[in-house]
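Next comes entry11.cif, a file with mmCIF, C-alpha atoms.
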```cif
data_input
loop_
_atom_site.label_atom_id
_atom_site.label_comp_id
_atom_site.auth_asym_id
_atom_site.auth_seq_id
_atom_site.Cartn_x
_atom_site.Cartn_y
_atom_site.Cartn_z
CA MET R 1310 159.89 155.56 125.05
CA THR R 1311 159.33 159.07 126.40
CA THR R 1312 161.14 162.37 126.15
CA HIS R 1313 160.87 165.76 127.78
CA ALA R 1314 158.54 168.29 126.14
CA SER R 1315 160.23 170.86 123.94
CA THR R 1316 159.99 174.64 124.03
CA PRO R 1317 156.63 176.01 122.77
CA ILE R 1318 156.59 177.32 119.20
CA ASP R 1319 154.65 180.54 118.69
CA THR R 1320 154.00 181.99 115.22
CA GLU R 1321 151.47 184.40 113.73
CA THR R 1322 149.47 181.40 112.54
CA TYR R 1323 149.59 178.90 115.40
CA THR R 1324 150.97 177.95 118.78
CA LEU R 1325 152.43 174.48 119.29
CA ARG R 1326 153.31 173.06 122.68
CA PRO R 1327 155.21 169.84 121.97
CA GLY R 1328 154.58 167.02 124.43
CA CYS R 1329 156.17 163.73 125.33
CA VAL R 1330 153.38 161.14 124.94
CA PRO R 1331 151.95 159.89 121.61
CA LEU R 1332 149.02 162.31 121.60
CA LEU R 1333 148.55 165.45 119.49
CA ILE R 1334 145.48 167.61 120.14
CA SER R 1335 144.71 169.86 117.18
CA ILE R 1336 142.35 172.83 117.65
CA PRO R 1337 142.05 174.34 114.15
CA HIS R 1338 139.01 176.56 114.78
CA LEU R 1339 140.16 178.22 118.00
CA GLY R 1340 141.56 181.27 116.25
CA THR R 1341 139.93 184.69 116.49
CA ASP R 1342 142.41 186.86 114.59
CA LEU R 1343 140.81 188.85 111.75
CA PRO R 1344 143.64 190.82 110.12
CA PRO R 1345 142.54 194.37 109.21
CA GLU R 1346 143.33 193.80 105.53
CA PHE R 1347 140.51 191.22 105.46
CA ALA R 1348 138.20 192.72 108.07
CA THR R 1349 137.76 195.95 106.11
CA HIS R 1350 136.05 194.01 103.31
CA MET R 1351 133.84 191.95 105.61
CA SER R 1352 130.29 192.47 106.83
CA ASP R 1353 129.21 193.69 110.24
CA THR R 1354 128.51 190.05 111.16
CA ALA R 1355 132.12 188.91 110.81
CA PRO R 1356 133.55 190.58 113.97
CA LEU R 1357 131.20 188.46 116.12
CA LYS R 1358 133.20 185.42 114.99
CA GLN R 1359 130.23 183.38 116.20
CA ASP R 1360 131.38 180.14 114.57
CA THR R 1361 134.63 180.04 116.55
CA ASP R 1362 135.33 176.93 118.65
CA TRP R 1363 135.42 179.14 121.71
CA HIS R 1364 137.54 178.42 124.79
CA LEU R 1365 138.73 174.95 123.76
CA ASP R 1366 142.26 175.86 124.86
CA ARG R 1367 140.86 176.40 128.34
CA LEU R 1368 138.63 173.33 128.27
CA TYR R 1369 141.58 171.14 127.25
CA GLY R 1370 143.92 172.97 129.60
CA PHE R 1371 144.67 169.72 131.42
CA ALA R 1372 146.20 168.16 128.29
CA THR R 1373 149.74 169.43 128.74
CA GLY R 1374 149.72 167.86 132.21
CA LEU R 1375 149.08 164.53 130.48
CA GLY R 1376 152.14 165.12 128.31
CA ALA R 1377 150.13 165.79 125.14
CA SER R 1378 151.22 168.02 122.30
CA VAL R 1379 148.72 170.81 121.63
CA LEU R 1380 148.46 172.71 118.33
CA GLN R 1381 146.22 175.80 118.37
CA ALA R 1382 145.23 178.03 115.48
CA LYS R 1383 145.33 181.81 115.83
CA VAL R 1384 143.58 183.01 112.68
CA SER R 1385 139.78 182.97 112.47
CA ARG R 1386 138.11 180.32 110.36
CA TYR R 1387 136.44 183.27 108.58
CA VAL R 1388 139.82 184.00 106.99
CA ILE R 1389 140.50 180.39 106.03
CA ASP R 1390 139.19 177.09 107.35
CA LEU R 1391 142.11 174.91 108.40
CA ASN R 1392 139.88 171.82 108.46
CA ARG R 1393 138.90 172.00 104.78
CA PRO R 1394 140.78 170.48 101.83
CA PRO R 1395 143.19 172.87 100.11
CA GLY R 1396 141.25 172.41 96.87
CA GLY R 1397 138.03 173.54 98.51
CA GLU R 1398 135.98 170.46 97.62
CA SER R 1399 133.05 169.63 99.90
CA LEU R 1400 133.52 166.91 102.50
CA TYR R 1401 129.75 166.48 102.74
CA PRO R 1402 128.42 166.46 99.16
CA GLY R 1403 124.77 167.41 98.99
CA GLN R 1404 124.74 168.89 102.50
CA THR R 1405 125.00 172.53 103.55
CA THR R 1406 128.47 173.43 104.77
CA THR R 1407 130.98 176.28 104.62
CA GLY R 1408 134.00 176.44 102.33
CA LEU R 1409 137.75 176.86 102.49
CA CYS R 1410 137.43 180.65 102.63
CA PRO R 1411 133.87 180.99 103.95
CA THR R 1412 131.57 183.61 102.50
CA GLU R 1413 128.75 183.05 104.99
CA THR R 1414 128.25 181.98 108.59
CA PHE R 1415 126.73 178.70 109.75
CA ARG R 1416 123.43 180.58 109.90
CA GLY R 1417 123.69 181.76 106.30
CA GLU R 1418 124.62 185.37 107.05
CA PRO R 1419 127.01 186.96 104.50
CA LEU R 1420 130.56 187.53 105.70
CA TYR R 1421 131.55 190.00 102.98
CA ALA R 1422 130.21 193.17 101.52
CA GLU R 1423 128.86 192.74 98.01
CA ALA R 1424 131.52 191.68 95.48
CA GLN R 1425 134.22 191.69 98.20
CA ALA R 1426 134.60 187.92 98.73
CA PRO R 1427 138.15 186.61 98.18
CA ASP R 1428 138.94 185.68 94.59
CA ALA R 1429 141.07 182.69 93.52
CA ALA R 1430 144.36 184.57 93.88
CA GLN R 1431 143.45 185.78 97.37
CA GLN R 1432 142.46 182.28 98.43
CA THR R 1433 145.79 180.96 97.16
CA ASP R 1434 147.57 183.64 99.21
CA ARG R 1435 145.65 182.63 102.36
CA LEU R 1436 146.53 178.99 101.77
CA ALA R 1437 150.22 179.86 101.70
CA ARG R 1438 150.13 182.26 104.67
CA TYR R 1439 147.89 180.37 107.08
CA TRP R 1440 146.77 176.91 105.95
CA GLN R 1441 150.11 175.49 104.92
CA PRO R 1442 152.04 176.56 108.06
CA TYR R 1443 149.41 174.97 110.34
CA HIS R 1444 149.41 171.73 108.40
CA GLY R 1445 153.18 171.75 108.14
CA ALA R 1446 153.39 171.96 111.93
CA LEU R 1447 150.73 169.27 112.34
CA ARG R 1448 152.52 166.85 110.01
CA ALA R 1449 155.92 167.50 111.57
CA GLU R 1450 154.63 166.95 115.11
CA LEU R 1451 152.87 163.72 114.14
CA ASP R 1452 156.11 162.52 112.54
CA ARG R 1453 158.14 163.45 115.62
CA LEU R 1454 155.80 161.64 118.01
CA GLN R 1455 155.56 158.61 115.77
CA ALA R 1456 159.33 158.38 115.53
CA LEU R 1457 159.45 158.31 119.33
CA HIS R 1458 156.54 155.99 120.03
CA GLY R 1459 155.71 153.99 116.88
CA ALA R 1460 152.01 154.89 116.95
CA VAL R 1461 150.28 158.19 117.65
CA LEU R 1462 146.79 159.49 118.37
CA LEU R 1463 145.56 162.67 116.65
CA TRP R 1464 142.59 164.17 118.50
CA ASP R 1465 140.95 166.93 116.47
CA ALA R 1466 139.04 169.09 118.94
CA HIS R 1467 135.98 171.07 117.87
CA SER R 1468 132.83 172.60 119.30
CA ILE R 1469 129.64 173.99 117.80
CA ALA R 1470 126.31 175.52 118.78
CA SER R 1471 123.92 172.71 119.63
CA VAL R 1472 121.08 174.06 117.47
CA LEU R 1473 121.82 175.19 113.90
CA PRO R 1474 118.80 174.42 111.70
CA ARG R 1475 120.67 175.26 108.51
CA LEU R 1476 123.23 172.52 109.17
CA PHE R 1477 121.29 169.80 111.02
CA GLU R 1478 117.85 168.96 112.35
CA GLY R 1479 116.93 169.35 116.00
CA GLN R 1480 119.55 169.48 118.74
CA LEU R 1481 122.98 167.98 118.22
CA PRO R 1482 124.09 165.19 120.59
CA ASP R 1483 126.50 166.35 123.29
CA LEU R 1484 129.53 164.50 121.88
CA ASN R 1485 129.90 163.76 118.18
CA PHE R 1486 132.77 161.45 117.27
CA GLY R 1487 134.07 161.18 113.72
CA THR R 1488 136.46 158.60 112.31
CA ALA R 1489 135.62 158.89 108.60
CA ASP R 1490 133.24 155.94 108.94
CA GLY R 1491 135.93 153.90 110.65
CA ARG R 1492 138.79 154.61 108.26
CA SER R 1493 140.83 157.02 110.39
CA CYS R 1494 141.13 155.07 113.66
CA ALA R 1495 141.33 151.47 114.86
CA PRO R 1496 137.93 150.34 116.21
CA SER R 1497 139.53 149.12 119.43
CA ILE R 1498 140.69 152.65 120.28
CA LEU R 1499 137.35 154.27 119.55
CA GLN R 1500 135.54 151.61 121.59
CA ARG R 1501 137.59 152.48 124.68
CA VAL R 1502 136.74 156.16 124.21
CA VAL R 1503 133.02 155.63 123.70
CA ALA R 1504 132.81 153.24 126.65
CA GLU R 1505 133.73 156.16 128.92
CA VAL R 1506 130.85 158.23 127.56
CA ALA R 1507 128.36 155.40 127.98
CA ALA R 1508 128.84 155.58 131.75
CA THR R 1509 127.79 159.26 131.86
CA PRO R 1510 124.58 161.24 131.25
CA PHE R 1511 126.07 162.82 128.10
CA SER R 1512 124.53 161.86 124.76
CA HIS R 1513 126.79 160.85 121.89
CA VAL R 1514 126.90 159.59 118.33
CA VAL R 1515 129.66 158.06 116.19
CA ASN R 1516 130.00 159.10 112.53
CA GLY R 1517 126.67 160.89 112.51
CA ARG R 1518 126.30 164.38 111.03
CA PHE R 1519 130.02 164.95 111.66
CA LYS R 1520 132.30 162.19 110.39
CA GLY R 1521 135.55 164.14 110.66
CA GLY R 1522 136.86 166.97 108.55
CA TYR R 1523 139.95 167.19 106.38
CA ILE R 1524 142.38 166.76 109.27
CA THR R 1525 140.82 163.51 110.48
CA ARG R 1526 140.38 162.09 106.99
CA HIS R 1527 143.77 163.16 105.62
CA TYR R 1528 146.06 162.27 108.50
CA GLY R 1529 144.25 159.30 109.99
CA ALA R 1530 146.02 156.19 108.69
CA PRO R 1531 145.71 153.33 111.20
CA ASP R 1532 147.76 150.92 109.10
CA ALA R 1533 150.59 153.46 109.14
CA GLY R 1534 150.33 154.04 112.89
CA VAL R 1535 148.35 157.30 112.97
CA HIS R 1536 144.90 157.07 114.59
CA ALA R 1537 142.68 160.14 114.23
CA ILE R 1538 139.44 160.98 116.03
CA GLN R 1539 137.44 164.17 115.67
CA LEU R 1540 135.29 165.27 118.59
CA GLU R 1541 132.64 167.86 117.80
CA MET R 1542 131.25 168.95 121.15
CA ALA R 1543 127.98 170.81 121.74
CA GLN R 1544 128.96 174.16 123.19
CA HIS R 1545 126.22 174.24 125.81
CA LEU R 1546 128.31 171.72 127.77
CA TYR R 1547 130.79 174.39 128.80
CA MET R 1548 129.77 177.89 127.63
CA ARG R 1549 127.01 180.26 126.60
CA GLU R 1550 126.13 179.67 122.97
CA ASP R 1551 125.06 183.30 122.43
CA PRO R 1552 127.20 186.46 122.59
CA PRO R 1553 129.38 187.16 124.46
CA PHE R 1554 130.04 183.37 124.40
CA THR R 1555 131.02 183.23 128.06
CA TYR R 1556 132.96 180.27 129.45
CA LEU R 1557 130.91 178.62 132.20
CA GLU R 1558 133.25 177.07 134.74
CA TYR R 1559 130.51 175.20 136.58
CA LYS R 1560 129.57 173.40 133.37
CA ALA R 1561 133.11 172.87 132.13
CA THR R 1562 134.13 171.11 135.33
CA SER R 1563 131.44 168.51 134.65
CA VAL R 1564 132.75 167.55 131.22
CA GLN R 1565 136.51 167.99 131.70
CA PRO R 1566 137.01 164.77 133.71
CA LEU R 1567 135.31 162.84 130.91
CA LEU R 1568 137.55 164.42 128.28
CA GLN R 1569 140.60 163.46 130.30
CA LYS R 1570 139.40 159.87 130.77
CA MET R 1571 138.65 159.49 127.06
CA LEU R 1572 142.12 160.66 126.09
CA GLN R 1573 143.75 158.39 128.67
CA GLN R 1574 141.74 155.41 127.43
CA ALA R 1575 142.67 156.14 123.82
CA LEU R 1576 146.34 156.38 124.74
CA ALA R 1577 146.16 153.11 126.65
CA ALA R 1578 144.64 151.41 123.61
CA LEU R 1579 147.33 152.60 121.18
CA PRO R 1580 149.45 149.75 119.79
CA SER R 1581 152.84 149.68 121.50
#
```
Kindly transcribe the structure held in the file into structure tokens.
Amino acid sequence: MTTHASTPIDTETYTLRPGCVPLLISIPHLGTDLPPEFATHMSDTAPLKQDTDWHLDRLYGFATGLGASVLQAKVSRYVIDLNRPPGGESLYPGQTTTGLCPTETFRGEPLYAEAQAPDAAQQTDRLARYWQPYHGALRAELDRLQALHGAVLLWDAHSIASVLPRLFEGQLPDLNFGTADGRSCAPSILQRVVAEVAATPFSHVVNGRFKGGYITRHYGAPDAGVHAIQLEMAQHLYMREDPPFTYLEYKATSVQPLLQKMLQQALAALPS
């Protein structure tokens, strides 16, 4: 069953373009907004917003043509990380990571002036203002698509600098798939996706350093008809990894066809 896409929803927290096929692409770290009330307390490093998942809206620009729903964050992950649990617990115990309201960059640089990091009350306020609306929209769109189609694919789109010694050794593979060690997605769907990569020069790993964040782990429920895959992509595939983080069209056009094929294969593998 299909239906026409609805009117886009635009709020201060997110933009949602509802689609008509059982695919929702979530881009929780796309946002670059740093409201002045927070920015005034932050360090000189914060305005670089270097840990943003730059340009993924452009890289996945083909998705609406496929009929996919696309949910994009507006606020910077330096304000609040939409892919962390609301309680702030670590998803990778024992490993270096950043928190719900980060106080440092991926490289360990402080994000706040001394004694200016958000306290518990401020974090609770950010949860209500930014985190909850994004997740409310995500849940509602998954429910809408599932009501139409029976099963739905949630594709959580991310990108990251390919070399970050504080977070991982050496250079990251080009494409890093996470399914919470197989719990968030049916193996048959992931196999169709990975088979597309195997026919290309791009390197990949499944459930390696990145197994999926809160979104993948929380919403992925194959037995209930929701299949979630996180893709953490090395940024050198489509952009400059250093300021000013320029989008490189000649590189992006090499990886975009693969992204489209992977999504089409995943959709084809969804249970009817």
Axis-aligned box over every listed atom of range 1462-1476 of chain R, padded by 4 Å per side: centre and edges in Å to one decimal, as JSON?
```
{"center_x": 132.8, "center_y": 167.5, "center_z": 114.1, "size_x": 36.0, "size_y": 24.0, "size_z": 19.1}
```
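The shortest atom-to-atom distance to Ala1504 in chain R, with all atoms listed in the file taken into account, belongs to R:Met1571 out of R:Ala1424, R:Val1388, R:Met1571, R:Leu1339.
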In Å and to one decimal, CA of Ala1507 in chain R is distant from CA of Ala1575 in chain R by 14.9 Å
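Here CA of Asp1360 in chain R is placed at a distance of 7.0 Å from CA of Thr1414 in chain R.
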For the PyMOL selection byres ((chain R and resi 1315-1331) around 9), applied here, can you spell out every residue it catches as a VMD selection string? chain R and resid 1310 to 1314 1332 to 1333 1337 1340 1373 1375 to 1384 1438 to 1440 1442 to 1443 1446 to 1447 1450 to 1451 1454 to 1455 1457 to 1463 1576 1579
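Put simply, CA of His1536 in chain R is 27.5 Å away from CA of Gly1403 in chain R.
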Compile the contact shell of range 1391-1395 of chain R as a PDB file with C-alpha atoms, in the coordinates of the input: residues with an atom at most 6 Å away, counting all atoms listed in the file, same-chain residues fewer than 2 positions apart removed.
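Output saved as selection_7.pdb:
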```pdb
ATOM      1  CA  PRO R1337     142.050 174.340 114.150  1.00  0.00           C
ATOM      2  CA  GLY R1397     138.030 173.540  98.510  1.00  0.00           C
ATOM      3  CA  LEU R1409     137.750 176.860 102.490  1.00  0.00           C
ATOM      4  CA  TRP R1440     146.770 176.910 105.950  1.00  0.00           C
ATOM      5  CA  GLY R1522     136.860 166.970 108.550  1.00  0.00           C
ATOM      6  CA  TYR R1523     139.950 167.190 106.380  1.00  0.00           C
ATOM      7  CA  ILE R1524     142.380 166.760 109.270  1.00  0.00           C
TER       8      ILE R1524
END
```
Applied to the shown file, which residues does the PyMOL selection byres ((chain R and resi 1406) around 12) return, written as a VMD selection string? chain R and resid 1390 1393 1397 to 1405 1407 to 1417 1473 to 1477 1518 to 1519 1522
With all heavy atoms as the target, complete range 1429-1440 of chain R and hand it back as a compact mmCIF listing (two decimals), in the coordinates of the input.
```
# COMPACT_ATOMS: atom_id res chain seq x y z
N ALA R 1429 140.19 183.87 93.54
CA ALA R 1429 141.07 182.69 93.52
C ALA R 1429 142.49 183.04 93.96
O ALA R 1429 143.12 182.29 94.71
CB ALA R 1429 141.08 182.08 92.12
N ALA R 1430 143.00 184.17 93.52
CA ALA R 1430 144.36 184.57 93.88
C ALA R 1430 144.46 184.86 95.38
O ALA R 1430 145.46 184.49 96.02
CB ALA R 1430 144.78 185.80 93.08
N GLN R 1431 143.45 185.49 95.94
CA GLN R 1431 143.45 185.78 97.37
C GLN R 1431 143.35 184.51 98.20
O GLN R 1431 143.98 184.39 99.26
CB GLN R 1431 142.31 186.74 97.70
CG GLN R 1431 142.53 188.15 97.13
CD GLN R 1431 141.27 189.01 97.20
OE1 GLN R 1431 140.16 188.51 97.10
NE2 GLN R 1431 141.47 190.31 97.36
N GLN R 1432 142.57 183.56 97.73
CA GLN R 1432 142.46 182.28 98.43
C GLN R 1432 143.80 181.54 98.40
O GLN R 1432 144.21 180.94 99.41
CB GLN R 1432 141.36 181.43 97.82
CG GLN R 1432 139.97 181.98 98.06
CD GLN R 1432 138.87 181.01 97.67
OE1 GLN R 1432 138.96 179.81 97.94
NE2 GLN R 1432 137.83 181.51 97.04
N THR R 1433 144.48 181.60 97.27
CA THR R 1433 145.79 180.96 97.16
C THR R 1433 146.79 181.60 98.13
O THR R 1433 147.60 180.91 98.77
CB THR R 1433 146.32 181.07 95.71
OG1 THR R 1433 145.43 180.37 94.84
CG2 THR R 1433 147.72 180.48 95.59
N ASP R 1434 146.70 182.92 98.27
CA ASP R 1434 147.57 183.64 99.21
C ASP R 1434 147.28 183.21 100.65
O ASP R 1434 148.21 182.98 101.44
CB ASP R 1434 147.36 185.14 99.06
CG ASP R 1434 148.19 185.94 100.05
OD1 ASP R 1434 149.43 185.88 99.97
OD2 ASP R 1434 147.60 186.58 100.94
N ARG R 1435 146.01 183.06 101.01
CA ARG R 1435 145.65 182.63 102.36
C ARG R 1435 146.10 181.20 102.63
O ARG R 1435 146.49 180.87 103.76
CB ARG R 1435 144.15 182.78 102.57
CG ARG R 1435 143.67 184.22 102.51
CD ARG R 1435 142.18 184.34 102.81
NE ARG R 1435 141.68 185.67 102.49
CZ ARG R 1435 140.50 186.13 102.84
NH1 ARG R 1435 139.66 185.35 103.52
NH2 ARG R 1435 140.11 187.34 102.50
N LEU R 1436 146.02 180.36 101.62
CA LEU R 1436 146.53 178.99 101.77
C LEU R 1436 148.01 179.01 102.16
O LEU R 1436 148.43 178.29 103.06
CB LEU R 1436 146.36 178.21 100.46
CG LEU R 1436 145.06 177.46 100.23
CD1 LEU R 1436 145.02 176.94 98.80
CD2 LEU R 1436 144.92 176.29 101.20
N ALA R 1437 148.78 179.81 101.46
CA ALA R 1437 150.22 179.86 101.70
C ALA R 1437 150.55 180.49 103.05
O ALA R 1437 151.47 180.05 103.75
CB ALA R 1437 150.91 180.64 100.58
N ARG R 1438 149.81 181.51 103.44
CA ARG R 1438 150.13 182.26 104.67
C ARG R 1438 149.64 181.59 105.94
O ARG R 1438 150.28 181.72 106.99
CB ARG R 1438 149.54 183.67 104.56
CG ARG R 1438 150.21 184.55 103.54
CD ARG R 1438 149.46 185.85 103.33
NE ARG R 1438 149.38 186.65 104.55
CZ ARG R 1438 148.74 187.81 104.63
NH1 ARG R 1438 148.12 188.30 103.56
NH2 ARG R 1438 148.71 188.49 105.75
N TYR R 1439 148.52 180.89 105.86
CA TYR R 1439 147.89 180.37 107.08
C TYR R 1439 147.67 178.85 107.08
O TYR R 1439 148.01 178.18 108.04
CB TYR R 1439 146.55 181.07 107.31
CG TYR R 1439 146.64 182.57 107.37
CD1 TYR R 1439 146.13 183.36 106.35
CD2 TYR R 1439 147.27 183.21 108.45
CE1 TYR R 1439 146.22 184.74 106.40
CE2 TYR R 1439 147.37 184.59 108.51
CZ TYR R 1439 146.84 185.35 107.48
OH TYR R 1439 146.95 186.72 107.53
N TRP R 1440 147.11 178.34 106.00
CA TRP R 1440 146.77 176.91 105.95
C TRP R 1440 148.01 176.04 105.95
O TRP R 1440 148.13 175.10 106.75
CB TRP R 1440 145.90 176.65 104.72
CG TRP R 1440 145.20 175.32 104.66
CD1 TRP R 1440 143.90 175.06 105.01
CD2 TRP R 1440 145.73 174.08 104.19
NE1 TRP R 1440 143.60 173.73 104.80
CE2 TRP R 1440 144.71 173.10 104.30
CE3 TRP R 1440 146.98 173.68 103.71
CZ2 TRP R 1440 144.90 171.77 103.94
CZ3 TRP R 1440 147.17 172.35 103.34
CH2 TRP R 1440 146.14 171.42 103.46
```
